[in-house]
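Engineer: Here it is, the structure, as structure tokens.
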Amino acid sequence: MKQPVSIKKPEGKLGVLLPGLGAVATTTIAGAMLTRKGKGEPIGSLTQMGSIRLGKRTDGRTPLIKDFLPLASLDQIAFGGWDLFPDTAYESAMHAEVLSKEHLDLVKDELSAIKPMPAVFYPEYVKRLHGPNVKKGADKFEMAQQVEQDIKGFLKTNGCDRGVAVWCGSTEIYQEPTPVQQSLKAFEEGLKKSDPSISNSQIYAYACLRQGVPFANGAPNMTVDFPAMFELSRERNVPIAGKDFKTGQTLMKTILAPGLKARMLGLRGWFSTNILGNRDGEVLDDPENFKTKEVSKLGVLEHILQPTLNQKLYGNIYHKVRIEYYPPRGDQKEGWDNLDIFGWLGYPMQIKVDFLCRDSILAAPIVLDLALLMDLASRANFHGIQEWLSFYFKSPMTAPGLYPEHDLFIQSMKLKNTMRWMMNEELITHLGNEYYD
Ligand SMILES: NC(=O)c1ccc[n+]([C@@H]2O[C@H](COP(=O)([O-])OP(=O)(O)OC[C@H]3O[C@@H](n4cnc5c(N)ncnc54)[C@H](O)[C@@H]3O)[C@@H](O)[C@H]2O)c1
């Protein structure tokens with residue numbers, strides 16, 4: 001097989017721009033800084049700790065992914081972002097209470113130097129938040145232009161050759177696409193008319209893509225998953241990806257459900273509830289914002305279990321997801337799952353999961369990996385939806401007309417095979433007999 005892509009070397013600095021400098025963003029930034037200093041391990045990050053098998057099992061070639069792929073190194077990254085609260089990354093991280101003061105103080109100066117740029121913030125998309133660090137502009141188009149200026153200014157000031165953006169802002173209210181999202185022309189007219197169906201996150205995404213900055217969406221809101229953005233990403237040759245980081249409860253769901261299906265065990269019901277007390281939880285306490293998250297979380301089982309193919313096992317599932325805002329827990333979410341399953345001759349069984357997780361600790365390595373892999377994709381000249389990154393998302397974006405792949409193990413195979421393909425290595429099929437191993 002010939003080298004299908006030529007990948008530009010990761011020379012110079014990479015600007016990692018994070019709209020929303022809250023718990024997830026600051027945990028990511030602080031973690032990358034601590035890792036750079038040898039004061040922490042980037043656990044959970046495939047790009048930093050993962051390896052990849054190449055060739056036959058007998059070849060004994062299993063390099064680290066970061067040695068195999070031409071990724072930007074952590075030393076080459078400059079972090080920045082936007083937020084409606086003026087707190088520096090250090091202050092915001094202290095407020096979020098994810099990492100300890102002792103940990104944060106090891107990188108206090110670097111974190112304190114990151115001051116959020118003023119946000120594009122029309123409050124109707126996130127009603128629970130009120131902050132002073134916001135842009136003023138006559139219309140949404142002007143706001144987008146200001147974001148473009150911010151990007152250019154940030155890259156210049158920090159000596160960056162290129163940028164990449166990962167949305168770490170709050171979840172916006174649930175929206176269905178309107179005619180404004182159906183073409184780039186309609187979208188740009190909508191921006192000039194400040195059309196109410198154009199949200200804050202869409203304004204950032206539009207500005208990033210126009211500046212050639214790849215954009216990954218970590219929240220469940222509709223941000224880059226509509227025709228106008230597909231058109232812009234093609235026109236500017238920029239990768240896009242989303243949506244909603246796959247972290248706590250949904251991560252568990254996409255680990256367990258493929259196992260049940262692989263063993264042909266039936267499922268009657270799956271009830272998931274969790275409590276969390278961070279700012280994300282507060283925003284999700286608003287029913288309109290919760291609806292966005294609920295839709296993202298509910299899609300998972302159907303696509304993994306394929307009830308139309310497995311009618312007797314999965315044709316009648318009751319699936320319910322709840323999130324309760326409970327301030328005492330902060331970022332230390334607790335997620336409970338009750339699964340009613342059945343086996344041989346229909347005999348019922350139950351599985352209970354109690355996951356005492358830390359939301360931002362699980363999300364931070366995803367943000368870092370997405371930033372590095374989206375930058376790689378861009379240097380490899382990829383554009384449009386990056387389905388090979390579905391591994392990282394609760395609600396993976398797909399090409400129009402295709403169903404999303406939710407099974408974590410298929411996603412992982414797809415991710416690694418794309419890496420092999422990019423680097424002109426044989427794809428691994430796991431056929432596993434003496435001729436094809
Ligand atoms: N932590 C996880 O496990 C996880 C998993 C999946 C998705 N997410 C999503 O990631 C996002 C971030 O989560 P978090 O825990 O850091 O939340 P957070 O509330 O701590 O941080 C979000 C930040 O975004 C800011 N913000 C909101 N609107 C903005 C705008 N228009 N421009 C700039 N800043 C804006 C808020 O002021 C806040 O500081 C949320 O949407 C959340 O749903 C998180």
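Residue names in the structure tokens use chain letters A, B, ... in the order shown, residue numbers from 1 in each chain, and ligand numbers from 1 in the order shown.
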So which residues are near ligand 1, meaning at most 6 Å away with only C-alpha atoms and all ligand atoms counted, given back as JSON, numbers by chain?

Structural biologist: {"A": [19, 20, 21, 22, 23, 24, 25, 82, 83, 84, 85, 119, 120, 121, 168, 169, 170, 171, 200, 218, 219, 244, 245, 246, 247, 279, 280, 359, 360, 362, 363]}

Engineer: Residues of region 139-319 of chain A in strand (DSSP E) according to DSSP, as a ChimeraX atom specification?

Structural biologist: /A:160-167,215-217,239-242,266-276,318-319

Engineer: Set the distance at 12 Å and use only C-alpha atoms: which residues neighbour Pro396 (chain A) once local chain neighbours fewer than 3 positions away are removed? I'd like the list as number ranges by chain.

Structural biologist: A: 216-220, 222, 224-225, 240-246, 296-297, 299-300, 303, 385-393, 399-400, 402-408, 411

Engineer: Skipping near chain neighbours, those fewer than 3 positions away, what residues fall within 8 Å of region 186-197 of chain A using only C-alpha atoms, listed as a list in words?

Structural biologist: Asp139, Lys140, Phe141, Glu142, Gln175, Pro177, Thr178, Pro179, Val180, Gln181, Gln182, Ser183 and Ala228 of chain A

Engineer: So that I can check the secondary structure, give me every residue of region 168-223 of chain A assigned alpha helix (DSSP H) by backbone DSSP, as a list in words.

Structural biologist: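 Selecting the alpha helix (DSSP H) positions of region 168-223 of chain A gives Leu184, Lys185, Ala186, Phe187, Glu188, Glu189, Gly190, Leu191, Lys192, Asn200, Ser201, Gln202, Ile203, Tyr204, Ala205, Tyr206, Ala207, Cys208, Leu209 and Arg210 of chain A.
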
Engineer: Which residue out of A:Ile52, A:Ile203, A:Leu17, A:Arg57 has the minimum interatomic distance to Asn158 (chain A) when only C-alpha atoms are used?

Structural biologist: A:Leu17

Engineer: Please indicate the distance in Å from CA of Pro348 (chain A) to CA of Gln306 (chain A), rounded to one decimal place.

Structural biologist: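 A separation of 20.5 Å between them.
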
Engineer: Between A:Leu46, A:Leu251, A:Asn237, A:Gln311, which one has atoms that come closest to Phe382 (chain A), using only C-alpha atoms?

Structural biologist: A:Asn237

Engineer: In terms of the shortest atom-to-atom distance over only C-alpha atoms, which of A:Leu18, A:Leu305, A:Ile410, A:Leu284 is closest to Ala364 (chain A)?

Structural biologist: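 Under the stated criterion, the closest residue is A:Leu18.
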
Engineer: For region 34-44 of chain A, work out the shell of residues within 8 Å, counting only C-alpha atoms and skipping chain neighbours fewer than 6 positions away, then give it as a PyMOL selection string.

Structural biologist: chain A and resi 74-75+106-107+362+365-366

Engineer: Find the residues near Leu373 (chain A): any atom within 9 Å, counting only C-alpha atoms, skip ones fewer than 4 places away on the same chain, and give them as a list in words.

Structural biologist: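 These residues fall inside the cut-off: Thr47, Leu71, Leu368, Asp369, Ala377, Ser378 and Leu389 of chain A.
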
Engineer: Go ahead and save the picked residues with N, CA and C atoms, as a JSON list (two decimals), in the first residue's frame.

Structural biologist:
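And here's result_9.json as it stands now:
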[["chain", "number", "residue", "atom", "x", "y", "z"],
["A", 47, "THR", "N", -2.57, 9.42, 23.56],
["A", 47, "THR", "CA", -1.44, 9.98, 22.81],
["A", 47, "THR", "C", -0.18, 10.03, 23.67],
["A", 71, "LEU", "N", 3.22, 13.80, 16.27],
["A", 71, "LEU", "CA", 2.35, 14.68, 17.05],
["A", 71, "LEU", "C", 3.15, 15.86, 17.60],
["A", 368, "LEU", "N", -6.83, 16.81, 25.71],
["A", 368, "LEU", "CA", -5.45, 16.83, 25.21],
["A", 368, "LEU", "C", -5.32, 15.98, 23.95],
["A", 369, "ASP", "N", -5.84, 14.75, 23.99],
["A", 369, "ASP", "CA", -5.74, 13.87, 22.82],
["A", 369, "ASP", "C", -6.42, 14.49, 21.61],
["A", 377, "ALA", "N", -4.53, 15.65, 12.19],
["A", 377, "ALA", "CA", -5.45, 15.50, 11.06],
["A", 377, "ALA", "C", -5.30, 16.69, 10.10],
["A", 378, "SER", "N", -5.18, 17.86, 10.67],
["A", 378, "SER", "CA", -5.07, 19.05, 9.84],
["A", 378, "SER", "C", -3.77, 19.04, 9.04],
["A", 389, "LEU", "N", -12.27, 9.68, 15.28],
["A", 389, "LEU", "CA", -12.13, 10.15, 16.66],
["A", 389, "LEU", "C", -13.40, 9.89, 17.48]]

Engineer: Rank A:Ala30, A:Thr157, A:Phe68, A:Lys8 by their smallest atom-to-atom distance to Met94 (chain A), using only C-alpha atoms, and report the top residue only.

Structural biologist: A:Ala30
